[in-house]
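Structure file query.tsv with TSV, C-alpha atoms and all ligand atoms:
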chain	number	residue	atom	x	y	z
K	12	MET	CA	12.31	3.82	10.03
K	13	VAL	CA	9.25	5.41	8.49
K	14	GLY	CA	7.04	2.58	7.22
K	15	GLY	CA	7.12	-0.76	8.94
K	16	GLY	CA	5.90	-2.92	6.07
K	17	ARG	CA	7.75	-5.80	4.50
K	18	ILE	CA	10.99	-4.07	3.59
K	19	GLY	CA	10.98	-1.86	6.69
K	20	GLU	CA	10.75	-4.98	8.82
K	21	ALA	CA	13.45	-6.76	6.78
K	22	LEU	CA	15.88	-3.91	7.50
K	23	ILE	CA	14.94	-3.70	11.18
K	24	ALA	CA	15.30	-7.48	11.56
K	25	GLY	CA	18.66	-7.48	9.76
K	26	LEU	CA	19.96	-4.58	11.84
K	27	ARG	CA	18.91	-6.25	15.08
K	28	LYS	CA	20.52	-9.53	13.99
K	29	SER	CA	23.75	-7.72	13.18
K	30	GLY	CA	23.88	-6.31	16.71
K	31	THR	CA	22.35	-2.83	16.34
K	32	GLU	CA	21.03	-1.81	19.75
K	33	PRO	CA	17.23	-1.66	20.00
K	34	SER	CA	17.55	1.85	21.43
K	35	ASP	CA	19.17	2.98	18.15
K	36	ILE	CA	16.06	2.14	16.09
K	37	VAL	CA	12.69	3.86	16.16
K	38	VAL	CA	9.78	2.75	13.96
K	39	ILE	CA	7.07	5.06	12.65
K	40	GLU	CA	4.24	3.03	11.16
K	41	ALA	CA	0.78	4.29	10.20
K	42	VAL	CA	-1.08	1.10	11.11
K	43	GLU	CA	-1.16	1.06	14.90
K	44	SER	CA	-1.45	-2.71	15.34
K	45	ARG	CA	1.50	-3.23	12.99
K	46	ALA	CA	3.57	-0.62	14.85
K	47	ALA	CA	2.85	-2.39	18.15
K	48	GLU	CA	3.75	-5.76	16.63
K	49	LEU	CA	7.14	-4.48	15.39
K	50	ALA	CA	7.89	-2.69	18.64
K	51	LYS	CA	7.27	-5.87	20.61
K	52	LYS	CA	9.06	-8.23	18.22
K	53	TYR	CA	12.27	-6.16	17.97
K	54	CYS	CA	12.12	-4.42	21.39
K	55	ILE	CA	12.17	-1.02	19.68
K	56	LEU	CA	10.30	2.20	20.24
K	57	SER	CA	7.33	3.04	18.06
K	58	THR	CA	6.41	6.70	17.72
K	59	SER	CA	5.05	9.38	15.37
K	60	LEU	CA	6.65	11.30	12.50
K	61	ASP	CA	6.80	14.55	14.47
K	62	ILE	CA	8.50	12.99	17.48
K	63	GLY	CA	10.53	10.24	15.86
K	64	CYS	CA	12.39	12.19	13.17
K	65	GLU	CA	13.86	15.04	15.13
K	66	GLY	CA	17.43	14.32	16.15
K	67	ALA	CA	17.69	11.12	14.09
K	68	ASP	CA	21.02	10.59	12.33
K	69	VAL	CA	19.36	8.64	9.55
K	70	ILE	CA	15.68	8.68	8.56
K	71	VAL	CA	14.78	5.71	6.36
K	72	VAL	CA	11.69	6.12	4.21
K	73	ALA	CA	10.17	2.68	3.57
K	74	VAL	CA	6.67	3.54	2.39
K	75	LYS	CA	5.17	2.83	-1.04
K	76	PRO	CA	6.48	5.08	-3.83
K	77	GLY	CA	3.18	6.98	-4.12
K	78	ASP	CA	3.28	7.80	-0.39
K	79	VAL	CA	6.85	9.13	-0.41
K	80	PRO	CA	6.17	12.82	-1.27
K	81	ALA	CA	3.56	13.28	1.49
K	82	VAL	CA	5.65	11.43	4.06
K	83	VAL	CA	8.84	13.36	3.21
K	84	ASP	CA	6.89	16.60	3.34
K	85	ARG	CA	6.01	15.78	6.95
K	86	ILE	CA	9.56	14.69	7.71
K	87	GLY	CA	10.74	18.04	6.34
K	88	ASP	CA	8.38	19.88	8.70
K	89	ALA	CA	9.51	17.74	11.63
K	90	ILE	CA	13.24	18.37	11.11
K	91	SER	CA	13.29	21.86	9.61
K	92	ASP	CA	14.10	23.59	12.91
K	93	SER	CA	16.55	20.99	14.14
K	94	VAL	CA	20.24	21.86	14.42
K	95	HIS	CA	21.00	18.16	14.01
K	96	GLU	CA	21.66	17.10	10.41
K	97	SER	CA	19.66	14.02	9.38
K	98	ILE	CA	20.37	11.95	6.29
K	99	VAL	CA	17.11	11.00	4.59
K	100	VAL	CA	17.35	7.59	2.93
K	101	SER	CA	14.70	6.42	0.50
K	102	LEU	CA	14.19	2.73	-0.21
K	103	ALA	CA	11.33	3.40	-2.63
K	104	ALA	CA	11.40	2.00	-6.15
K	105	GLY	CA	11.47	4.64	-8.87
K	106	VAL	CA	11.25	7.80	-6.79
K	107	PRO	CA	14.14	10.14	-7.73
K	108	THR	CA	16.21	11.82	-5.03
K	109	SER	CA	15.15	15.22	-6.43
K	110	VAL	CA	11.54	14.56	-5.36
K	111	LEU	CA	12.70	14.12	-1.76
K	112	GLU	CA	15.13	17.04	-1.91
K	113	ASN	CA	12.35	19.37	-3.04
K	114	LYS	CA	10.30	18.45	0.05
K	115	LEU	CA	13.15	19.07	2.50
K	116	SER	CA	15.04	22.21	3.56
K	117	ALA	CA	17.46	23.46	0.93
K	118	GLY	CA	20.64	21.41	0.79
K	119	SER	CA	19.37	18.39	2.75
K	120	PRO	CA	21.38	15.21	2.25
K	121	VAL	CA	19.38	12.46	0.57
K	122	VAL	CA	20.64	8.98	-0.27
K	123	ARG	CA	18.64	6.53	-2.38
K	124	VAL	CA	19.02	2.82	-1.73
K	125	MET	CA	17.51	-0.15	-3.52
K	126	PRO	CA	17.72	-2.99	-1.01
K	127	ASN	CA	16.23	-6.45	-1.18
K	128	THR	CA	14.24	-8.63	1.12
K	129	ALA	CA	17.16	-10.92	2.00
K	130	MET	CA	18.31	-8.21	4.46
K	131	LEU	CA	15.98	-10.09	6.78
K	132	VAL	CA	18.57	-12.85	7.08
K	133	GLY	CA	21.63	-10.58	6.75
K	134	GLN	CA	22.14	-11.64	3.10
K	135	GLY	CA	20.69	-8.66	1.25
K	136	VAL	CA	22.32	-6.87	-1.63
K	137	SER	CA	21.74	-3.16	-2.07
K	138	ALA	CA	22.71	-0.41	-4.43
K	139	ALA	CA	23.12	3.13	-3.14
K	140	CYS	CA	23.50	6.51	-4.80
K	141	LYS	CA	23.88	10.06	-3.56
K	142	GLY	CA	21.38	12.80	-4.08
K	143	ARG	CA	22.49	16.24	-5.16
K	144	TYR	CA	23.43	17.55	-1.73
K	145	ALA	CA	24.69	14.38	-0.06
K	146	ARG	CA	28.43	14.34	0.55
K	147	ASP	CA	30.70	11.30	0.46
K	148	GLU	CA	30.54	10.95	4.24
K	149	HIS	CA	26.73	10.75	4.09
K	150	LEU	CA	26.91	8.01	1.47
K	151	GLU	CA	29.57	6.17	3.48
K	152	GLN	CA	27.42	6.26	6.60
K	153	VAL	CA	24.47	4.74	4.73
K	154	VAL	CA	26.69	2.16	3.02
K	155	ARG	CA	28.02	1.09	6.44
K	156	ILE	CA	24.47	0.59	7.71
K	157	MET	CA	23.45	-1.41	4.64
K	158	GLU	CA	26.66	-3.48	4.83
K	159	SER	CA	25.55	-4.72	8.22
K	160	VAL	CA	22.65	-6.49	6.48
K	161	GLY	CA	24.39	-7.62	3.27
K	162	ALA	CA	26.50	-6.50	0.33
K	163	VAL	CA	26.39	-2.99	-1.12
K	164	VAL	CA	27.32	-1.49	-4.48
K	165	VAL	CA	27.45	2.24	-5.21
K	166	VAL	CA	25.97	3.29	-8.56
K	167	GLU	CA	24.90	6.41	-10.44
K	168	GLU	CA	21.24	7.28	-9.86
K	169	SER	CA	20.52	6.66	-13.57
K	170	LYS	CA	21.25	2.95	-12.99
K	171	MET	CA	18.68	2.51	-10.21
K	172	ASP	CA	15.87	1.26	-12.50
K	173	ALA	CA	18.12	-1.54	-13.75
K	174	VAL	CA	19.24	-2.35	-10.20
K	175	THR	CA	15.62	-2.54	-9.08
K	176	ALA	CA	14.83	-4.96	-11.90
K	177	VAL	CA	17.72	-7.27	-11.00
K	178	SER	CA	18.29	-7.31	-7.25
K	179	GLY	CA	15.30	-5.41	-5.82
K	180	SER	CA	12.67	-7.54	-7.55
K	181	GLY	CA	15.08	-10.43	-8.11
K	182	PRO	CA	14.40	-12.51	-4.98
K	183	ALA	CA	10.86	-13.01	-6.30
K	184	TYR	CA	12.20	-14.51	-9.55
K	185	PHE	CA	14.21	-17.06	-7.58
K	186	PHE	CA	11.22	-17.78	-5.32
K	187	LEU	CA	9.06	-18.39	-8.39
K	188	LEU	CA	11.65	-20.78	-9.76
K	189	ALA	CA	11.81	-22.57	-6.39
K	190	GLU	CA	8.01	-22.74	-6.25
K	191	ALA	CA	7.86	-24.30	-9.72
K	192	MET	CA	10.65	-26.76	-8.84
K	193	VAL	CA	8.89	-27.85	-5.65
K	194	ASP	CA	5.54	-28.33	-7.41
K	195	SER	CA	7.23	-30.34	-10.15
K	196	ALA	CA	9.13	-32.43	-7.62
K	197	VAL	CA	5.83	-33.28	-5.90
K	198	GLU	CA	4.45	-34.33	-9.29
K	199	GLN	CA	7.49	-36.61	-9.60
K	200	GLY	CA	6.55	-38.29	-6.32
K	201	LEU	CA	8.60	-36.45	-3.67
K	202	PRO	CA	6.96	-35.34	-0.41
K	203	ARG	CA	6.54	-31.53	-0.40
K	204	ASP	CA	8.75	-30.93	2.63
K	205	VAL	CA	11.57	-32.98	1.11
K	206	ALA	CA	11.14	-31.18	-2.23
K	207	LEU	CA	11.36	-27.80	-0.49
K	208	ARG	CA	14.53	-28.80	1.36
K	209	LEU	CA	16.10	-29.95	-1.88
K	210	ALA	CA	15.08	-26.83	-3.85
K	211	ALA	CA	16.14	-24.42	-1.09
K	212	GLY	CA	19.44	-26.21	-0.53
K	213	THR	CA	20.09	-26.16	-4.27
K	214	ALA	CA	19.42	-22.41	-4.41
K	215	MET	CA	21.72	-21.86	-1.45
K	216	GLY	CA	24.56	-23.93	-2.94
K	217	ALA	CA	24.24	-22.39	-6.40
K	218	GLY	CA	24.20	-18.92	-4.82
K	219	ALA	CA	27.33	-19.70	-2.82
K	220	MET	CA	29.12	-20.90	-5.98
K	221	LEU	CA	28.06	-17.77	-7.88
K	222	THR	CA	29.34	-15.48	-5.16
K	223	ALA	CA	32.60	-17.41	-4.61
K	224	GLY	CA	34.26	-15.27	-7.26
K	225	GLY	CA	35.42	-18.11	-9.55
K	226	ASP	CA	33.60	-19.12	-12.71
K	227	GLY	CA	30.66	-17.11	-14.02
K	228	PRO	CA	27.12	-18.49	-14.42
K	229	ALA	CA	27.58	-19.85	-17.95
K	230	ASP	CA	30.67	-21.91	-16.99
K	231	LEU	CA	29.05	-23.12	-13.77
K	232	ARG	CA	25.98	-24.27	-15.70
K	233	ALA	CA	28.12	-26.03	-18.31
K	234	ALA	CA	29.91	-27.93	-15.55
K	235	VAL	CA	26.62	-29.42	-14.34
K	236	CYS	CA	25.65	-30.52	-17.86
K	237	SER	CA	27.30	-33.95	-18.32
K	238	PRO	CA	27.40	-34.82	-22.02
K	239	GLY	CA	24.19	-36.58	-23.00
K	240	GLY	CA	23.01	-36.36	-19.40
K	241	THR	CA	19.97	-35.28	-17.42
K	242	THR	CA	20.79	-31.58	-17.02
K	243	ALA	CA	21.39	-31.05	-20.73
K	244	ALA	CA	17.96	-32.59	-21.37
K	245	ALA	CA	16.39	-30.18	-18.86
K	246	ILE	CA	18.25	-27.09	-20.11
K	247	ARG	CA	17.20	-27.85	-23.69
K	248	ARG	CA	13.55	-27.76	-22.56
K	249	LEU	CA	14.06	-24.54	-20.61
K	250	GLU	CA	15.64	-22.85	-23.63
K	251	ALA	CA	12.90	-24.19	-25.96
K	252	GLY	CA	10.31	-22.84	-23.49
K	253	GLY	CA	11.78	-19.37	-23.81
K	254	PHE	CA	13.32	-19.26	-20.32
K	255	ARG	CA	16.13	-16.86	-21.22
K	256	SER	CA	13.88	-14.46	-23.13
K	257	ALA	CA	11.20	-14.66	-20.41
K	258	VAL	CA	13.82	-13.54	-17.87
K	259	ALA	CA	14.98	-10.73	-20.16
K	260	ASP	CA	11.35	-9.60	-20.65
K	261	ALA	CA	10.74	-9.76	-16.91
K	262	VAL	CA	13.79	-7.65	-16.07
K	263	GLU	CA	12.81	-5.14	-18.76
K	264	ALA	CA	9.22	-4.98	-17.42
K	265	SER	CA	10.47	-4.32	-13.89
K	266	ALA	CA	12.84	-1.55	-15.05
K	267	THR	CA	10.06	0.00	-17.15
K	268	ARG	CA	7.72	-0.04	-14.15
K	269	SER	CA	10.42	1.64	-12.06
K	270	MET	CA	10.66	4.42	-14.67
K	271	GLU	CA	6.85	4.79	-14.64
K	272	LEU	CA	6.93	5.16	-10.85
K	273	ALA	CA	9.60	7.85	-11.25
K	274	ARG	CA	7.46	9.76	-13.76
K	275	ALA	CA	4.39	9.46	-11.50
K	276	ALA	CA	6.34	10.81	-8.51
K	277	GLN	CA	7.70	13.68	-10.61
K	278	LYS	CA	4.26	14.51	-12.00
K	279	ALA	CA	2.65	14.50	-8.55
K	280	GLU	CA	5.28	16.96	-7.44
K	281	ASP	CA	4.90	19.22	-10.51
K	282	ASP	CA	1.10	19.25	-10.06
K	283	GLU	CA	1.49	20.19	-6.40
K	284	ARG	CA	3.88	23.03	-7.28
K	285	ASP	CA	1.41	24.38	-9.89
K	286	ASP	CA	-1.48	24.44	-7.34
D	301	LIG	N1	9.18	-5.42	-0.58
D	301	LIG	C1	10.39	-5.43	-1.10
D	301	LIG	O1	11.02	-6.51	-1.27
D	301	LIG	C2	11.06	-4.14	-1.48
D	301	LIG	C3	10.43	-2.91	-1.34
D	301	LIG	N2	11.09	-1.76	-1.67
D	301	LIG	C4	10.43	-0.46	-1.51
D	301	LIG	O2	10.09	-0.31	-0.15
D	301	LIG	C5	8.90	0.46	-0.02
D	301	LIG	C6	7.93	-0.28	0.88
D	301	LIG	O3	7.60	-1.51	0.27
D	301	LIG	P1	6.92	-2.69	1.09
D	301	LIG	O4	7.57	-2.78	2.44
D	301	LIG	O5	6.91	-3.86	0.21
D	301	LIG	O6	5.44	-2.12	1.25
D	301	LIG	P2	4.42	-2.32	2.45
D	301	LIG	O7	3.09	-1.89	1.92
D	301	LIG	O8	4.58	-3.70	3.01
D	301	LIG	O9	4.92	-1.29	3.56
D	301	LIG	C7	4.66	0.07	3.56
D	301	LIG	C8	4.32	0.46	4.98
D	301	LIG	O10	4.29	1.86	5.08
D	301	LIG	C9	3.27	2.20	5.99
D	301	LIG	N3	2.91	3.61	5.81
D	301	LIG	C10	2.21	4.19	4.81
D	301	LIG	N4	2.09	5.52	5.02
D	301	LIG	C11	2.74	5.79	6.18
D	301	LIG	C12	2.96	6.97	6.94
D	301	LIG	N5	2.48	8.14	6.55
D	301	LIG	N6	3.68	6.87	8.08
D	301	LIG	C13	4.15	5.67	8.50
D	301	LIG	N7	3.95	4.52	7.83
D	301	LIG	C14	3.27	4.58	6.70
D	301	LIG	C15	2.15	1.23	5.66
D	301	LIG	O11	1.20	1.12	6.70
D	301	LIG	C16	2.95	-0.05	5.43
D	301	LIG	O12	3.08	-0.82	6.61
D	301	LIG	C17	8.37	0.68	-1.42
D	301	LIG	O13	8.63	2.01	-1.81
D	301	LIG	C18	9.13	-0.31	-2.29
D	301	LIG	O14	9.38	0.20	-3.59
D	301	LIG	C19	12.38	-1.76	-2.12
D	301	LIG	C20	13.04	-2.94	-2.28
D	301	LIG	C21	12.44	-4.22	-1.99
D	302	LIG	O1	7.81	-4.69	-6.22
D	302	LIG	C1	8.23	-3.57	-5.88
D	302	LIG	O2	7.78	-2.54	-6.41
D	302	LIG	C2	9.31	-3.47	-4.83
D	302	LIG	C3	10.54	-2.78	-5.35
D	302	LIG	C4	11.54	-3.87	-5.55
D	302	LIG	C5	10.96	-5.02	-4.87
D	302	LIG	N1	9.76	-4.78	-4.45
Rewrite the coordinates I just gave you, this time as structure tokens.
Ligand SMILES: NC(=O)C1=CN([C@@H]2O[C@H](COP(=O)(O)OP(=O)(O)OC[C@H]3O[C@@H](n4cnc5c(N)ncnc54)[C@H](O)[C@@H]3O)[C@@H](O)[C@H]2O)C=CC1
Ligand SMILES: O=C(O)[C@@H]1CCC=N1
Amino acid sequence: MVGGGRIGEALIAGLRKSGTEPSDIVVIEAVESRAAELAKKYCILSTSLDIGCEGADVIVVAVKPGDVPAVVDRIGDAISDSVHESIVVSLAAGVPTSVLENKLSAGSPVVRVMPNTAMLVGQGVSAACKGRYARDEHLEQVVRIMESVGAVVVVEESKMDAVTAVSGSGPAYFFLLAEAMVDSAVEQGLPRDVALRLAAGTAMGAGAMLTAGGDGPADLRAAVCSPGGTTAAAIRRLEAGGFRSAVADAVEASATRSMELARAAQKAEDDERDD
């Protein structure tokens, strides 16, 4: 795991919870105190890029998009002489697989994954796609790893911006909704801890109903709206307040930002090649 920030930790935590042996995970994190913290918390080894990458079956890149080219360049140097084939997996928003492939030895297998933070509790949902040189068995190996921390869908790389906008960024939309519900509940006289339990339990139950495979969201919502009742009154205000279009705008803004990150990563690489 290269990069032990928020998503790096979520994956490590999820893997440990799902029974992955501590000796099968190595963390490479630039901030020494953070590396030590992760090593202690998850009983895993913390090391450097040069030592940690060689011989790894899977190298997960979990640094910020702008840091990916430099980090993968160093990974490429570290593994270029190795006879062992490593799959390089990028979790970074926006960054195309081609940017990683161009930093690695010719023909290196790269898989791009857009995970989400709920991996931390084994309830993530990820999308994965193959780079140009990755074979089906490489993708399958990565899918198996991600399945140990949640659900996985396989998509074309061209769909990754949309995926990022829905499930990568998505937990934050639900957290914002929960935050607003809790604050409003406190305004209505509930103690904050009770309000949080109610909002979180509601999110959990609604999520379970959505994933049960029966009715879709529109039918489920309609079933809560008793004629002339409380929910219909609330939904009318949400619609009047532009809830649906605010969500559509938010998802579009996230996808657009993902495309901008892709262009920035591509440009950085083009500039470097020209120098
Ligand atoms: N936070 C989230 O929920 C999600 C994040 N992602 C992606 O994951 C990546 C990381 O995001 P976060 O964890 O939120 O960021 P973060 O800033 O919390 O973590 C990045 C970590 O990488 C470390 N780092 C930077 N350069 C390094 C180097 N050369 N060697 C080793 N470590 C280095 C930093 O010290 C930091 O701890 C991003 O590319 C983001 O697009 C994807 C899906 C969800
Ligand atoms: O906000 C971000 O850029 C990352 C990618 C998806 C979730 N967090």
Please, which residues have at least one atom within 9 Å of an atom of ligand LIG 301 (chain D), using all atoms listed in the file, listed as a PyMOL selection string?
chain K and resi 12-21+38-43+45-46+59-60+72-79+81-83+85+101-106+124-129+137+175+178-183+269
Nearest to Gln152 (chain K), chosen from K:Ala139, K:Ala191, K:Leu209, K:Met130, with all atoms listed in the file counted in the distances:
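So, comparing all the options, the nearest one is K:Ala139.
Residue nearest ligand LIG 302 (chain D), chosen from K:Val197, K:Leu187, K:Met220, K:Ala173 and counting only C-alpha atoms and all ligand atoms: K:Ala173.
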Please put the answer as lines of an AutoDock Vina configuration file: centre and edge lengths, in Å with one decimal, of a box along x, y and z that encloses all listed atoms of region 103-112 of chain K plus 4 Å on each side.
center_x = 13.7
center_y = 9.5
center_z = -5.3
size_x = 13.0
size_y = 23.0
size_z = 15.1
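Shortest atom-to-atom contact with Ala276 (chain K) among K:Asp61, K:Ile36, K:Ile55, K:Pro80: K:Pro80, counting all atoms listed in the file.
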Which is closest to ligand LIG 302 (chain D) among K:Arg284, K:Arg208, K:Lys114, K:Arg268, if we use all atoms listed in the file?
K:Arg268
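Each of K:Met171, K:Ala117, K:Ala145, K:Leu188 was checked against ligand LIG 302 (chain D) using all atoms listed in the file; the smallest atom-to-atom distance is that of K:Met171.
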Distance query Tyr144 (chain K) at most 10 Å, all atoms listed in the file, self and fewer than 2 positions along chain excluded, as a ChimeraX atom specification
/K:108-109,112,117-122,141-142,146-147,149
Between K:Ala138, K:Leu111, K:Leu56, K:Ile23, which has the minimum distance to Ala176 (chain K) (counting all atoms listed in the file)?
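Counting all atoms listed in the file, the residue closest to Ala176 (chain K) is K:Ala138.
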For a test of reading the model, state the distance in Å between CA of Glu168 (chain K) and CA of Pro107 (chain K), rounded to one decimal.
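So the answer is 7.9 Å.
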Suppose you want the space between CA of Gly212 (chain K) and CA of Asp226 (chain K); what is it in Å?
20.0 Å
